[in-house]
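Colleague: Quick one: the structure is below, and I'll ask about it shortly.
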Amino acid sequence: MAVMSYADAAKLAIAEAMRADPTVWCVGEDLGRGGVFKQYTGLVEEFGPDRISDAPISEAAIMGAAFGAAMAGTRPIVEMRFADFALCATDELVNQIAKARFMFGGQSRAPMVIRKPMGMWRSSAAQHSQSLESWYVHIPGLVVCCPATPQDNYTMMKAAIACDDPVVYLEHKDIWLTEGEVDTARTGAFGKANIRREGEDVTLVSWSNTANLCVAAAEALAQEGIGAEVIDLVSLWPWDKAAVLESVRRTGRLVVAHESVAVAGFGAEVVATVAQNVMLKAPPVRLGSPRGLIAYAPNLEDQMRVTAEMIAAAAKKTMETEPA
Amino acid sequence: MAVMSYADAAKLAIAEAMRADPTVWCVGEDLGRGGVFKQYTGLVEEFGPDRISDAPISEAAIMGAAFGAAMAGTRPIVEMRFADFALCATDELVNQIAKARFMFGGQSRAPMVIRKPMGMWRSSAAQHSQSLESWYVHIPGLVVCCPATPQDNYTMMKAAIACDDPVVYLEHKDIWLTEGEVDTARTGAFGKANIRREGEDVTLVSWSNTANLCVAAAEALAQEGIGAEVIDLVSLWPWDKAAVLESVRRTGRLVVAHESVAVAGFGAEVVATVAQNVMLKAPPVRLGSPRGLIAYAPNLEDQMRVTAEMIAAAAKKTMETEPA
Amino acid sequence: MTLSNFDQEKGLARLHLMERIRAFEEAARRAAVDEGLVLGAIHLSIGQEAVAAAVIEPLRRDDYILSTHRGHGHTLAKGADATAMMKELLGREGGCCGGKGGSMHIADFGVRMLGANGVVGANITIAAGAAHGIKLLGGDQIVVCFFGDGAANRGPFLEGVNWAGVFDLPILFVCEDNQYSASTLTSDMTSGDVAERARALGLRTTQADGNDVTGLAATAAEITARIRETGKPEFLHAKTYRLSGHTYFDPATYRPEGEADHMRETACPIMRLRTDLTRAGVTEGEMDALRQAAAEEMAAALDAARAAPWPADDSVFADVQDIGSPVEEAF
Amino acid sequence: MTLSNFDQEKGLARLHLMERIRAFEEAARRAAVDEGLVLGAIHLSIGQEAVAAAVIEPLRRDDYILSTHRGHGHTLAKGADATAMMKELLGREGGCCGGKGGSMHIADFGVRMLGANGVVGANITIAAGAAHGIKLLGGDQIVVCFFGDGAANRGPFLEGVNWAGVFDLPILFVCEDNQYSASTLTSDMTSGDVAERARALGLRTTQADGNDVTGLAATAAEITARIRETGKPEFLHAKTYRLSGHTYFDPATYRPEGEADHMRETACPIMRLRTDLTRAGVTEGEMDALRQAAAEEMAAALDAARAAPWPADDSVFADVQDIGSPVEEAF
Ligand SMILES: Cc1ncc(C[n+]2csc(CCOP(=O)(O)OP(=O)(O)O)c2C)c(N)n1
Ligand SMILES: Cc1ncc(C[n+]2csc(CCOP(=O)(O)OP(=O)(O)O)c2C)c(N)n1
Ligand SMILES: [Mg+2]
Ligand SMILES: [Mg+2]
């Protein structure tokens with residue numbers, strides 16, 4: 001087992017996949033110089049500029065052309081640079097890629113990985129900080145994945161490249177350099193949560209970097225004798241409903257936390273699903289960004305953040321409530 | 001009070017607003033010939049081609065240019081033809097229009113109405129049938145409105161034109177010709193639900209055309225002695241949380257129904273909000289489209305539909321459950 | 001078109017294909033108007049058949065084409081089965097897309113027709129990508145991408161054409177210029193000139209009469225041979241005219257009075273080819289027989305479609321996605 | 001530039017403005033690198049100051065400009081206050097956007113600078129729309145829209161320029177061509193030529209040396225006067241060079257060795273103007289004094305910004321929207 005960064009873990013997965021399958025290639029702006037977050041550094045030296053392909057500043061064409069190339073028999077990995085810029089290619093993703101196989105009655109496939117680095121990254125302001133994972137979950141035809149750890153970024157990138165469906169792959173920009181152990185022998189499956197910590201008192205459900213905050217919150221809660229189970233969903237479609245329901249049936253308490261806007265966020269889906277299926281001991285708590293915008297000034301930016309402290313406090317609140 | 005169609009009600013609101021304020025104008029493809037659903041018929045004759053402006057097939061430019069014109073002091077009504085095509089202008093709406101006022105520290109406003117006819121309209125298939133209202137609710141900076149009746153399409157269109165925020169205005173394509181009484185003296189407010197029917201046994205929450213199906217379901221339930229309260233939210237951001245909570249506190253039972261995909265739909269927000277605030281007598285029910293795609297063949301298309309019968313059955317199911 | 005080097009056999013084949021396209025669409029229109037059998041919007045290419053027939057003629061079966069909302073002609077020309085297409089228009093089992101797409105998403109990957117598209121201009125970047133895929137895989141196929149004059153005002157036009165130029169891709173972009181974008185005269189909404197745009201984007205660009213199938217076929221043969229040879233993208237601007245409305249139910253009253261009639265009499269590509277063939281000595285009878293055969297083929301296609309059942313209800317859950325599909329428990 | 005008709009006073013004013021722009025950015029860079037005071041990415045326009053100075057010179061205060069991620073120079077040239085801008089870069093109270101936008105969203109609507117933009121090319125359609133608004137309201141202002149060479153590969157370039165042409169709008173599009181798009185040589189990713197694209201889109205198009213502020217100012221004065229006269233859009237392609245990295249922390253190692261040094265010695269617009277002014281008889285001392293004044297102004301701006309407090313925490317909930325704002329109960 002090697003220790004590597006979140007960025008390098010995905011890069012390793014890509015390199016291995018490219019070695020094994022000559023039809024896998026990457027395309028995006030500035031990839032030949034390693035990409036904007038250096039998450040492609042060194043790949044062009046091994047695979048050459050055709051397979052680590054630069055692109056014009058043309059998000060619609062990057063997405064659309066990669067789709068065409070997928071229909072023609074290749075397996076593109078599409079780099080969108082910032083998840084925000086992917087909005088320039090929304091028609092291509094939502095109206096074309098997600099729907100083509102169905103509209104054409106199964107004649108086509110779009111085996112693509114669409115990388116969209118997301119989330120707050122100090123003082124990037126409103127156009128470079130968004131987390132829109134719930135949008136993609138709402139679109140039939142797409143698989144949605146939000147890894148939180150180097151291990152999952154390795155494992156799920158491999159799974160995404162192997163997948164014949166289009167996978168919206170949302171890495172979090174704030175953890176590119178976070179290091180962790182990566183077991184390259186492990187394989188991953190979409191729809192299988194990563195139980196980051198077990199606990200019997202309260203269930204914390206999250207994904208992406210907020211799952212890491214949940215682990216921190218659970219550690220703090222443990223100090224106070226509260227056993228928090230941390231379910232890192234890893235993929236949001238499909239999502240591991242079974243793991244969540246099983247856990248809340250045990251704990252009777254639920255906190256869902258995510259960085260994205262709370263209103264109409266995927267946290268609502270998790271809470272609603274639990275509410276439809278399980279009688280909890282206390283009202284569920286949902287934490288997400290206020291429905292406001294992400295500012296440049298650090299103190300303003302922080303107003304939009306869900307923190308480990310807020311998660312721990314929410315968990316404690318569910319503990320205080322008397323069972324109904 | 002006059003009887004008019006859903007399409008004509010909005011047209012009347014627009015004509016009145018244009019008469020009162022010379023800075024109001026409409027822009028979109030084919031508007032000079034009445035627009036693709038004839039919802040602009042006759043306006044060019046009264047207001048001329050500068051104010052009922054045709055546009056190239058350039059959704060990004062329609063949206064972006066209207067925004068620029070709004071910043072320069074006009075009040076544009078933007079026609080996107082089909083909500084699906086608005087995805088070609090997602091950057092403009094989400095990264096620019098929704099965020100500009102905030103990013104620029106309050107220096108700018110975007111008083112715009114963005115019309116996006118949505119929903120299933122017989123055999124329009126996957127690229128001409130989508131309902132993506134939950135996407136827009138998730139975006140800070142936007143007001144979101146989904147009128148279901150001629151009265152609300154008149155009242156809310158007037159409110160939308162008067163509003164200094166960008167309003168995503170989602171009319172349902174299947175009810176353009178539906179007629180109803182319109183009282184032009186009535187004024188509307190965003191965030192105020194339309195209680196379409198009162199009842200004490202179960203609360204049905206909906207919006208857009210599905211609210212009309214809820215009324216039909218409530219009528220059927222009344223035949224069986226079940227009193228269903230129908231809350232038509234009309235606007236989804238802001239939404240009338242107070243009316244919903246007040247109602248479910250009385251009825252203890254909740255069915256939320258919408259045409260859009262259930263997973264990560266706005267119904268989840270409603271159910272989650274209720275679950276966080278009210279102890280219900282029975283598990284809430286959420287009805288929406290399966291996470292599948294809308295097909296051309298009518299029988300396949302129907303598989304994605306929420307019907308009045310399904311809503312009534314869901315309401316009855318909540319009645320059968322024993323209080324916890 | 002002078003008839004000096006006119007190839008009679010080819011001319012008859014083209015006439016037959018154009019008659020088939022027209023007969024298909026006339027049958028579809030009848031099915032829609034008279035019988036209400038076509039439930040969605042269909043966009044007829046009546047008057048534009050020469051572009052499909054001529055440009056696709058030199059293609060190999062393994063070359064790709066991508067089309068627009070007005071795609072019946074292209075699809076038939078590439079070799080798709082009319083019955084499967086008609087079933088698709090009626091939303092029936094056995095339709096080429098299983099009844100899921102309808103006219104606007106007609107596709108036959110078996111003949112490498114990668115689909116019509118309901119979003120104007122969206123096929124341009126996708127087509128560039130198909131050519132990119134060919135290049136990456138080392139294939140020698142080419143791609144032809146059809147789009148309308150209105151589509152040239154959308155951003156993907158610039159992005160897709162630039163892409164093909166940057167990556168030197170084997171693709172022919174064909175602007176099928178029928179002068180209208182739905183009810184709008186495209187020239188009113190276009191600044192500058194479409195062919196100039198393509199030239200400015202670095203593509204070798206040819207302008208042609210899109211209603212003269214003979215001349216256009218010669219031009220297309222030359223261009224596509226060159227693309228296969230050089231691997232470089234080219235652009236063809238073919239001027240034509242849509243003789244019917246935008247959709248089958250559009251009366252097209254926005255046109256100047258008499259314009260369509262005048263064009264029907266002077267520009268209809270079928271009529272023009274018949275005139276040329278007559279001059280070359282082909283008899284009316286021979287030509288009428290082709291029309292008759294086409295009409296019969298399409299009547300039979302419509303009969304088969306009419307008789308076909310609806311797709312199985314649960315087929316709607318198939319082919320959404322493999323992972324997290326709506327049929328899985330996860331839903 | 002020959003100096004025969006050289007206007008010394010104007011030359012000194014331009015030099016001062018360019019020195020101010022450079023000093024502002026040098027101060028910002030120092031604040032970022034040495035003190036860690038600038039938290040977000042900033043994009044410096046060092047080497048490109050002539051475009052901002054020359055093109056904005058003939059504008060009236062009520063004319064509009066729209067800029068890019070590289071917008072400090074345009075903003076200063078339009079007349080914005082350097083201290084408010086510096087506070088914005090540091091995310092402080094009193095910043096021109098209240099600390100909400102930072103460098104990439106710098107704006108001063110008071111001088112009709114309608115904002116920098118973090119999305120490449122997005123300002124092009126918005127700018128066309130501002131001109132559309134002017135026309136609808138019967139105003140006589142004009143709009144200038146700056147964007148980079150890389151932006152010309154995005155769809156909104158085509159859509160926005162076409163829009164301006166179709167509606168005959170009073171706008172000048174300025175492609176500030178510094179030859180790079182982040183770490184990529186733009187020419188490698190561009191098919192054809194940018195100025196040709198604008199011509200093909202029907203716009204009168206001028207190409208100019210973007211590092212010769214004197215010549216460019218004359219050109220810009222002529223063009224903007226014509227736009228105000230005719231109401232018709234035009235296009236200016238100004239070739240320049242960015243002497244620093246893409247962001248302040250980009251070492252720009254992707255450039256050929258020596259290229260930047262060579263350009264610094266031969267193309268720097270400040271150096272070139274100083275040479276011209278020297279020939280016209282202006283002394284080094286006079287010119288150094290302007291540099292000194294600019295440096296002092298920006299040092300003071302930085303001091304003021306450094307001393308300014310953070311914005312009030314709850315200001316983050318202001319100016320999101322009136323209806324359904326996060327501060328309302330509805331949330
Ligand atoms: C992005 C987008 N905008 C608008 C439409 C609606 N629409 C369908 S066809 C059409 C006209 C297209 O004109 P053109 O490209 O010239 O093709 P033609 O219909 O003439 O074949 C329009 C506006 C659409 N389908 N997609
Ligand atoms: C739509 C979009 N794609 C990518 C980026 C990332 N990006 C920021 S600046 C830049 C380079 C822009 O090049 P150019 O337009 O020439 O402007 P310059 O930076 O040279 O001033 C890129 C790719 C972005 N901000 N927006
Ligand atoms: Mg056309
Ligand atoms: Mg550049």
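Every chain in the structure tokens has a letter given in the order shown (A, B, ...), and although residue numbers restart at 1 in each chain, ligands are simply numbered from 1 in the order shown.
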Kindly determine which residues of chain A lie within 6 Å of chain D, considering only C-alpha atoms, and give the answer as a list in words.

Modeller: Asp30, Pro56, Ile57, Ser58, Ser123, Ser124, Arg291, Gly292, Ala295, Tyr296, Ala297 and Leu300 of chain A

Colleague: Find the spatial neighbours of Gly227 in chain B, counting only C-alpha atoms, within a cut-off of 8 Å - ignore same-chain residues fewer than 4 positions away - and output them as an NGL selection string.

Modeller: :B and (198-202 or 218 or 221-222)

Colleague: Based on the selection just made, write N, CA, C and O atoms of those residues as a tab-separated table (two decimals), in the first residue's frame.

Modeller:
chain	number	residue	atom	x	y	z
B	198	GLU	N	-59.52	23.23	0.47
B	198	GLU	CA	-59.23	23.00	1.88
B	198	GLU	C	-59.64	21.60	2.28
B	198	GLU	O	-60.50	20.99	1.65
B	199	GLY	N	-59.02	21.09	3.31
B	199	GLY	CA	-59.35	19.75	3.76
B	199	GLY	C	-58.64	19.47	5.06
B	199	GLY	O	-57.63	20.11	5.37
B	200	GLU	N	-59.12	18.52	5.81
B	200	GLU	CA	-58.58	18.29	7.15
B	200	GLU	C	-57.89	16.94	7.31
B	200	GLU	O	-57.30	16.68	8.35
B	201	ASP	N	-57.97	16.10	6.28
B	201	ASP	CA	-57.45	14.74	6.47
B	201	ASP	C	-56.03	14.54	5.97
B	201	ASP	O	-55.24	13.83	6.57
B	202	VAL	N	-55.73	15.14	4.85
B	202	VAL	CA	-54.42	14.91	4.24
B	202	VAL	C	-54.05	16.15	3.43
B	202	VAL	O	-54.93	16.81	2.87
B	218	ALA	N	-58.26	15.37	-5.23
B	218	ALA	CA	-59.00	15.78	-4.03
B	218	ALA	C	-60.50	15.66	-4.26
B	218	ALA	O	-61.25	15.27	-3.36
B	221	LEU	N	-61.28	12.08	-3.91
B	221	LEU	CA	-61.20	11.67	-2.50
B	221	LEU	C	-62.42	12.16	-1.73
B	221	LEU	O	-62.93	11.45	-0.85
B	222	ALA	N	-62.88	13.34	-2.10
B	222	ALA	CA	-64.06	13.88	-1.41
B	222	ALA	C	-65.26	12.95	-1.57
B	222	ALA	O	-66.05	12.77	-0.65

Colleague: Measuring between only C-alpha atoms, which one of A:Ile114, A:Val270, A:Ala15, A:Met304 shows the shortest distance to chain B?

Modeller: A:Val270

Colleague: Compile the residues of chain D that lie within 9 Å of chain C, evaluated using only C-alpha atoms, and express the compilation as a PDB file with N, CA, C and O atoms, in the first residue's frame.

Modeller:
ATOM      1  N   ASN D 153     -12.473  31.358 -29.074  1.00  0.00           N
ATOM      2  CA  ASN D 153     -12.823  29.978 -29.409  1.00  0.00           C
ATOM      3  C   ASN D 153     -14.083  29.497 -28.705  1.00  0.00           C
ATOM      4  O   ASN D 153     -14.492  28.347 -28.882  1.00  0.00           O
ATOM      5  N   ARG D 154     -14.685  30.368 -27.912  1.00  0.00           N
ATOM      6  CA  ARG D 154     -15.918  29.960 -27.237  1.00  0.00           C
ATOM      7  C   ARG D 154     -17.146  30.399 -28.020  1.00  0.00           C
ATOM      8  O   ARG D 154     -17.166  31.458 -28.649  1.00  0.00           O
ATOM      9  N   GLY D 155     -18.181  29.583 -27.927  1.00  0.00           N
ATOM     10  CA  GLY D 155     -19.422  29.858 -28.627  1.00  0.00           C
ATOM     11  C   GLY D 155     -19.969  31.265 -28.434  1.00  0.00           C
ATOM     12  O   GLY D 155     -20.437  31.887 -29.406  1.00  0.00           O
ATOM     13  N   PRO D 156     -19.943  31.803 -27.211  1.00  0.00           N
ATOM     14  CA  PRO D 156     -20.501  33.148 -27.026  1.00  0.00           C
ATOM     15  C   PRO D 156     -19.826  34.211 -27.885  1.00  0.00           C
ATOM     16  O   PRO D 156     -20.424  35.253 -28.150  1.00  0.00           O
ATOM     17  N   PHE D 157     -18.610  33.957 -28.323  1.00  0.00           N
ATOM     18  CA  PHE D 157     -17.970  34.888 -29.246  1.00  0.00           C
ATOM     19  C   PHE D 157     -18.832  35.012 -30.498  1.00  0.00           C
ATOM     20  O   PHE D 157     -19.227  36.098 -30.913  1.00  0.00           O
ATOM     21  N   LEU D 158     -19.134  33.883 -31.090  1.00  0.00           N
ATOM     22  CA  LEU D 158     -19.947  33.920 -32.304  1.00  0.00           C
ATOM     23  C   LEU D 158     -21.333  34.484 -32.017  1.00  0.00           C
ATOM     24  O   LEU D 158     -21.837  35.347 -32.740  1.00  0.00           O
ATOM     25  N   GLU D 159     -21.938  34.011 -30.947  1.00  0.00           N
ATOM     26  CA  GLU D 159     -23.319  34.433 -30.688  1.00  0.00           C
ATOM     27  C   GLU D 159     -23.411  35.928 -30.380  1.00  0.00           C
ATOM     28  O   GLU D 159     -24.335  36.608 -30.807  1.00  0.00           O
ATOM     29  N   VAL D 161     -21.143  38.395 -31.158  1.00  0.00           N
ATOM     30  CA  VAL D 161     -20.754  39.247 -32.284  1.00  0.00           C
ATOM     31  C   VAL D 161     -21.862  39.232 -33.337  1.00  0.00           C
ATOM     32  O   VAL D 161     -22.232  40.275 -33.889  1.00  0.00           O
ATOM     33  N   ASN D 162     -22.427  38.060 -33.586  1.00  0.00           N
ATOM     34  CA  ASN D 162     -23.552  38.002 -34.531  1.00  0.00           C
ATOM     35  C   ASN D 162     -24.713  38.869 -34.048  1.00  0.00           C
ATOM     36  O   ASN D 162     -25.323  39.611 -34.827  1.00  0.00           O
ATOM     37  N   TRP D 163     -24.988  38.780 -32.760  1.00  0.00           N
ATOM     38  CA  TRP D 163     -26.086  39.572 -32.173  1.00  0.00           C
ATOM     39  C   TRP D 163     -25.878  41.072 -32.438  1.00  0.00           C
ATOM     40  O   TRP D 163     -26.793  41.776 -32.865  1.00  0.00           O
ATOM     41  N   ALA D 164     -24.670  41.517 -32.184  1.00  0.00           N
ATOM     42  CA  ALA D 164     -24.380  42.945 -32.376  1.00  0.00           C
ATOM     43  C   ALA D 164     -24.554  43.331 -33.839  1.00  0.00           C
ATOM     44  O   ALA D 164     -25.040  44.422 -34.156  1.00  0.00           O
ATOM     45  N   GLY D 165     -24.165  42.431 -34.730  1.00  0.00           N
ATOM     46  CA  GLY D 165     -24.314  42.705 -36.153  1.00  0.00           C
ATOM     47  C   GLY D 165     -25.774  42.714 -36.581  1.00  0.00           C
ATOM     48  O   GLY D 165     -26.218  43.588 -37.321  1.00  0.00           O
ATOM     49  N   VAL D 166     -26.521  41.754 -36.104  1.00  0.00           N
ATOM     50  CA  VAL D 166     -27.931  41.651 -36.490  1.00  0.00           C
ATOM     51  C   VAL D 166     -28.718  42.868 -36.025  1.00  0.00           C
ATOM     52  O   VAL D 166     -29.526  43.426 -36.775  1.00  0.00           O
ATOM     53  N   PHE D 167     -28.472  43.284 -34.786  1.00  0.00           N
ATOM     54  CA  PHE D 167     -29.279  44.374 -34.235  1.00  0.00           C
ATOM     55  C   PHE D 167     -28.601  45.735 -34.403  1.00  0.00           C
ATOM     56  O   PHE D 167     -29.105  46.723 -33.909  1.00  0.00           O
ATOM     57  N   ASP D 188      -2.132  27.318 -31.304  1.00  0.00           N
ATOM     58  CA  ASP D 188      -2.222  25.859 -31.412  1.00  0.00           C
ATOM     59  C   ASP D 188      -3.663  25.359 -31.315  1.00  0.00           C
ATOM     60  O   ASP D 188      -3.957  24.227 -31.715  1.00  0.00           O
ATOM     61  N   MET D 189      -4.510  26.154 -30.718  1.00  0.00           N
ATOM     62  CA  MET D 189      -5.889  25.728 -30.475  1.00  0.00           C
ATOM     63  C   MET D 189      -6.898  26.562 -31.266  1.00  0.00           C
ATOM     64  O   MET D 189      -8.077  26.590 -30.939  1.00  0.00           O
ATOM     65  N   THR D 190      -6.398  27.253 -32.283  1.00  0.00           N
ATOM     66  CA  THR D 190      -7.267  28.124 -33.070  1.00  0.00           C
ATOM     67  C   THR D 190      -7.130  27.777 -34.536  1.00  0.00           C
ATOM     68  O   THR D 190      -6.023  27.748 -35.070  1.00  0.00           O
ATOM     69  N   SER D 191      -8.236  27.542 -35.177  1.00  0.00           N
ATOM     70  CA  SER D 191      -8.225  27.290 -36.612  1.00  0.00           C
ATOM     71  C   SER D 191      -8.633  28.575 -37.307  1.00  0.00           C
ATOM     72  O   SER D 191      -9.622  29.209 -36.941  1.00  0.00           O
ATOM     73  N   GLY D 192      -7.868  28.977 -38.276  1.00  0.00           N
ATOM     74  CA  GLY D 192      -8.154  30.242 -38.949  1.00  0.00           C
ATOM     75  C   GLY D 192      -7.703  31.408 -38.095  1.00  0.00           C
ATOM     76  O   GLY D 192      -6.880  31.253 -37.192  1.00  0.00           O
ATOM     77  N   ASP D 193      -8.300  32.551 -38.364  1.00  0.00           N
ATOM     78  CA  ASP D 193      -7.804  33.789 -37.793  1.00  0.00           C
ATOM     79  C   ASP D 193      -8.943  34.566 -37.122  1.00  0.00           C
ATOM     80  O   ASP D 193     -10.051  34.634 -37.646  1.00  0.00           O
ATOM     81  N   VAL D 194      -8.641  35.142 -35.976  1.00  0.00           N
ATOM     82  CA  VAL D 194      -9.685  35.796 -35.182  1.00  0.00           C
ATOM     83  C   VAL D 194     -10.280  37.000 -35.910  1.00  0.00           C
ATOM     84  O   VAL D 194     -11.503  37.175 -35.955  1.00  0.00           O
ATOM     85  N   ALA D 195      -9.425  37.829 -36.474  1.00  0.00           N
ATOM     86  CA  ALA D 195      -9.947  39.009 -37.170  1.00  0.00           C
ATOM     87  C   ALA D 195     -10.817  38.593 -38.348  1.00  0.00           C
ATOM     88  O   ALA D 195     -11.859  39.206 -38.625  1.00  0.00           O
ATOM     89  N   GLU D 196     -10.413  37.525 -39.024  1.00  0.00           N
ATOM     90  CA  GLU D 196     -11.232  37.023 -40.129  1.00  0.00           C
ATOM     91  C   GLU D 196     -12.600  36.577 -39.634  1.00  0.00           C
ATOM     92  O   GLU D 196     -13.612  36.722 -40.314  1.00  0.00           O
ATOM     93  N   ARG D 197     -12.620  35.993 -38.455  1.00  0.00           N
ATOM     94  CA  ARG D 197     -13.910  35.566 -37.905  1.00  0.00           C
ATOM     95  C   ARG D 197     -14.834  36.765 -37.743  1.00  0.00           C
ATOM     96  O   ARG D 197     -16.021  36.703 -38.075  1.00  0.00           O
ATOM     97  N   ALA D 198     -14.279  37.841 -37.215  1.00  0.00           N
ATOM     98  CA  ALA D 198     -15.106  39.025 -36.994  1.00  0.00           C
ATOM     99  C   ALA D 198     -15.585  39.587 -38.326  1.00  0.00           C
ATOM    100  O   ALA D 198     -16.749  39.969 -38.480  1.00  0.00           O
ATOM    101  N   ARG D 199     -14.695  39.604 -39.322  1.00  0.00           N
ATOM    102  CA  ARG D 199     -15.091  40.087 -40.649  1.00  0.00           C
ATOM    103  C   ARG D 199     -16.194  39.206 -41.224  1.00  0.00           C
ATOM    104  O   ARG D 199     -17.174  39.707 -41.778  1.00  0.00           O
ATOM    105  N   ALA D 200     -16.021  37.907 -41.070  1.00  0.00           N
ATOM    106  CA  ALA D 200     -17.032  36.997 -41.614  1.00  0.00           C
ATOM    107  C   ALA D 200     -18.365  37.178 -40.899  1.00  0.00           C
ATOM    108  O   ALA D 200     -19.421  36.887 -41.445  1.00  0.00           O
ATOM    109  N   LEU D 201     -18.297  37.670 -39.681  1.00  0.00           N
ATOM    110  CA  LEU D 201     -19.527  37.953 -38.941  1.00  0.00           C
ATOM    111  C   LEU D 201     -20.059  39.342 -39.260  1.00  0.00           C
ATOM    112  O   LEU D 201     -20.945  39.853 -38.577  1.00  0.00           O
ATOM    113  N   GLY D 202     -19.499  39.948 -40.293  1.00  0.00           N
ATOM    114  CA  GLY D 202     -20.078  41.177 -40.812  1.00  0.00           C
ATOM    115  C   GLY D 202     -19.596  42.456 -40.145  1.00  0.00           C
ATOM    116  O   GLY D 202     -20.157  43.525 -40.398  1.00  0.00           O
ATOM    117  N   LEU D 203     -18.572  42.365 -39.314  1.00  0.00           N
ATOM    118  CA  LEU D 203     -18.123  43.569 -38.614  1.00  0.00           C
ATOM    119  C   LEU D 203     -16.916  44.198 -39.299  1.00  0.00           C
ATOM    120  O   LEU D 203     -15.993  43.502 -39.739  1.00  0.00           O
TER     121      LEU D 203
END

Colleague: Pick out the chain B residues within 6 Å of chain A. Count only C-alpha atoms. Give them as a PyMOL selection string.

Modeller: chain B and resi 87-88+90-91+95+127+135+138+140+263-264+266+268-269+271-272+276+283-284+291-292

Colleague: Please report the interatomic distance between CA of Ser108 in chain A and CA of Glu297 in chain C in Å with one decimal.

Modeller: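 Computed distance, CA of Ser108 in chain A to CA of Glu297 in chain C, equals 28.2 Å.
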
Colleague: Just to confirm, what's the straight-line distance from CA of Ala69 in chain A to CA of Gly129 in chain C in Å (one decimal)?

Modeller: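 Taking CA of Ala69 in chain A and CA of Gly129 in chain C, their separation equals 4.6 Å.
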
Colleague: Per DSSP on the backbone, what are the strand (DSSP E) residues of range 63-232 of chain D, as an NGL selection string?

Modeller: :D and (64-66 or 143-148 or 171-177 or 180-181 or 184-185 or 204-209)

Colleague: Can you tell me which residues surround range 187-195 of chain A at a distance of at most 7 Å, considering only C-alpha atoms, apart from same-chain residues fewer than 6 positions away, and format the answer as a ChimeraX atom specification?

Modeller: /A:155-156,159,230-235,237-240,243

Colleague: What lies within 9 Å of Lys239 in chain C using only C-alpha atoms, ignoring chain neighbours under 3 positions off, as number ranges by chain?

Modeller: C: 51, 175-179, 207-211

Colleague: List the spatial neighbours of range 38-52 of chain B as a PyMOL selection string - criterion: any atom at most 12 Å away, only C-alpha atoms, same-chain residues fewer than 4 positions off excluded.

Modeller: (chain B and resi 5-34+66+74-79+81+115+117+153+171+173+175-177) or (chain C and resi 183) or (chain D and resi 132-133+135-138+167-168)

Colleague: Within 8 Å of Arg242 in chain D, counting only C-alpha atoms, which residues show up once you throw out same-chain ones fewer than 6 positions away? Write them as a ChimeraX atom specification, please.

Modeller: /D:45-48,178

Colleague: Find, counting only C-alpha atoms, the residue in A:Met120, A:Ala72, A:Val36, A:Cys146 that gets nearest to Asp250 in chain D.

Modeller: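 Among A:Met120, A:Ala72, A:Val36, A:Cys146, it is A:Val36 that comes nearest to Asp250 in chain D.
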
Colleague: Go through D:Ala280, D:Glu57, D:Leu290, D:Ala267 one by one, measure the shortest atom-to-atom distance of each to Glu222 in chain D using only C-alpha atoms, and give the residue with the smallest value.

Modeller: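 Comparing D:Ala280, D:Glu57, D:Leu290, D:Ala267 against Glu222 in chain D, the winner is D:Glu57.
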
Colleague: Which residues are close to Leu17 in chain D, i.e. within 7 Å by only C-alpha atoms, leaving aside same-chain residues fewer than 3 positions away? Reply as a VMD selection string.

Modeller: chain D and resid 13 to 14 20 to 21 53 77
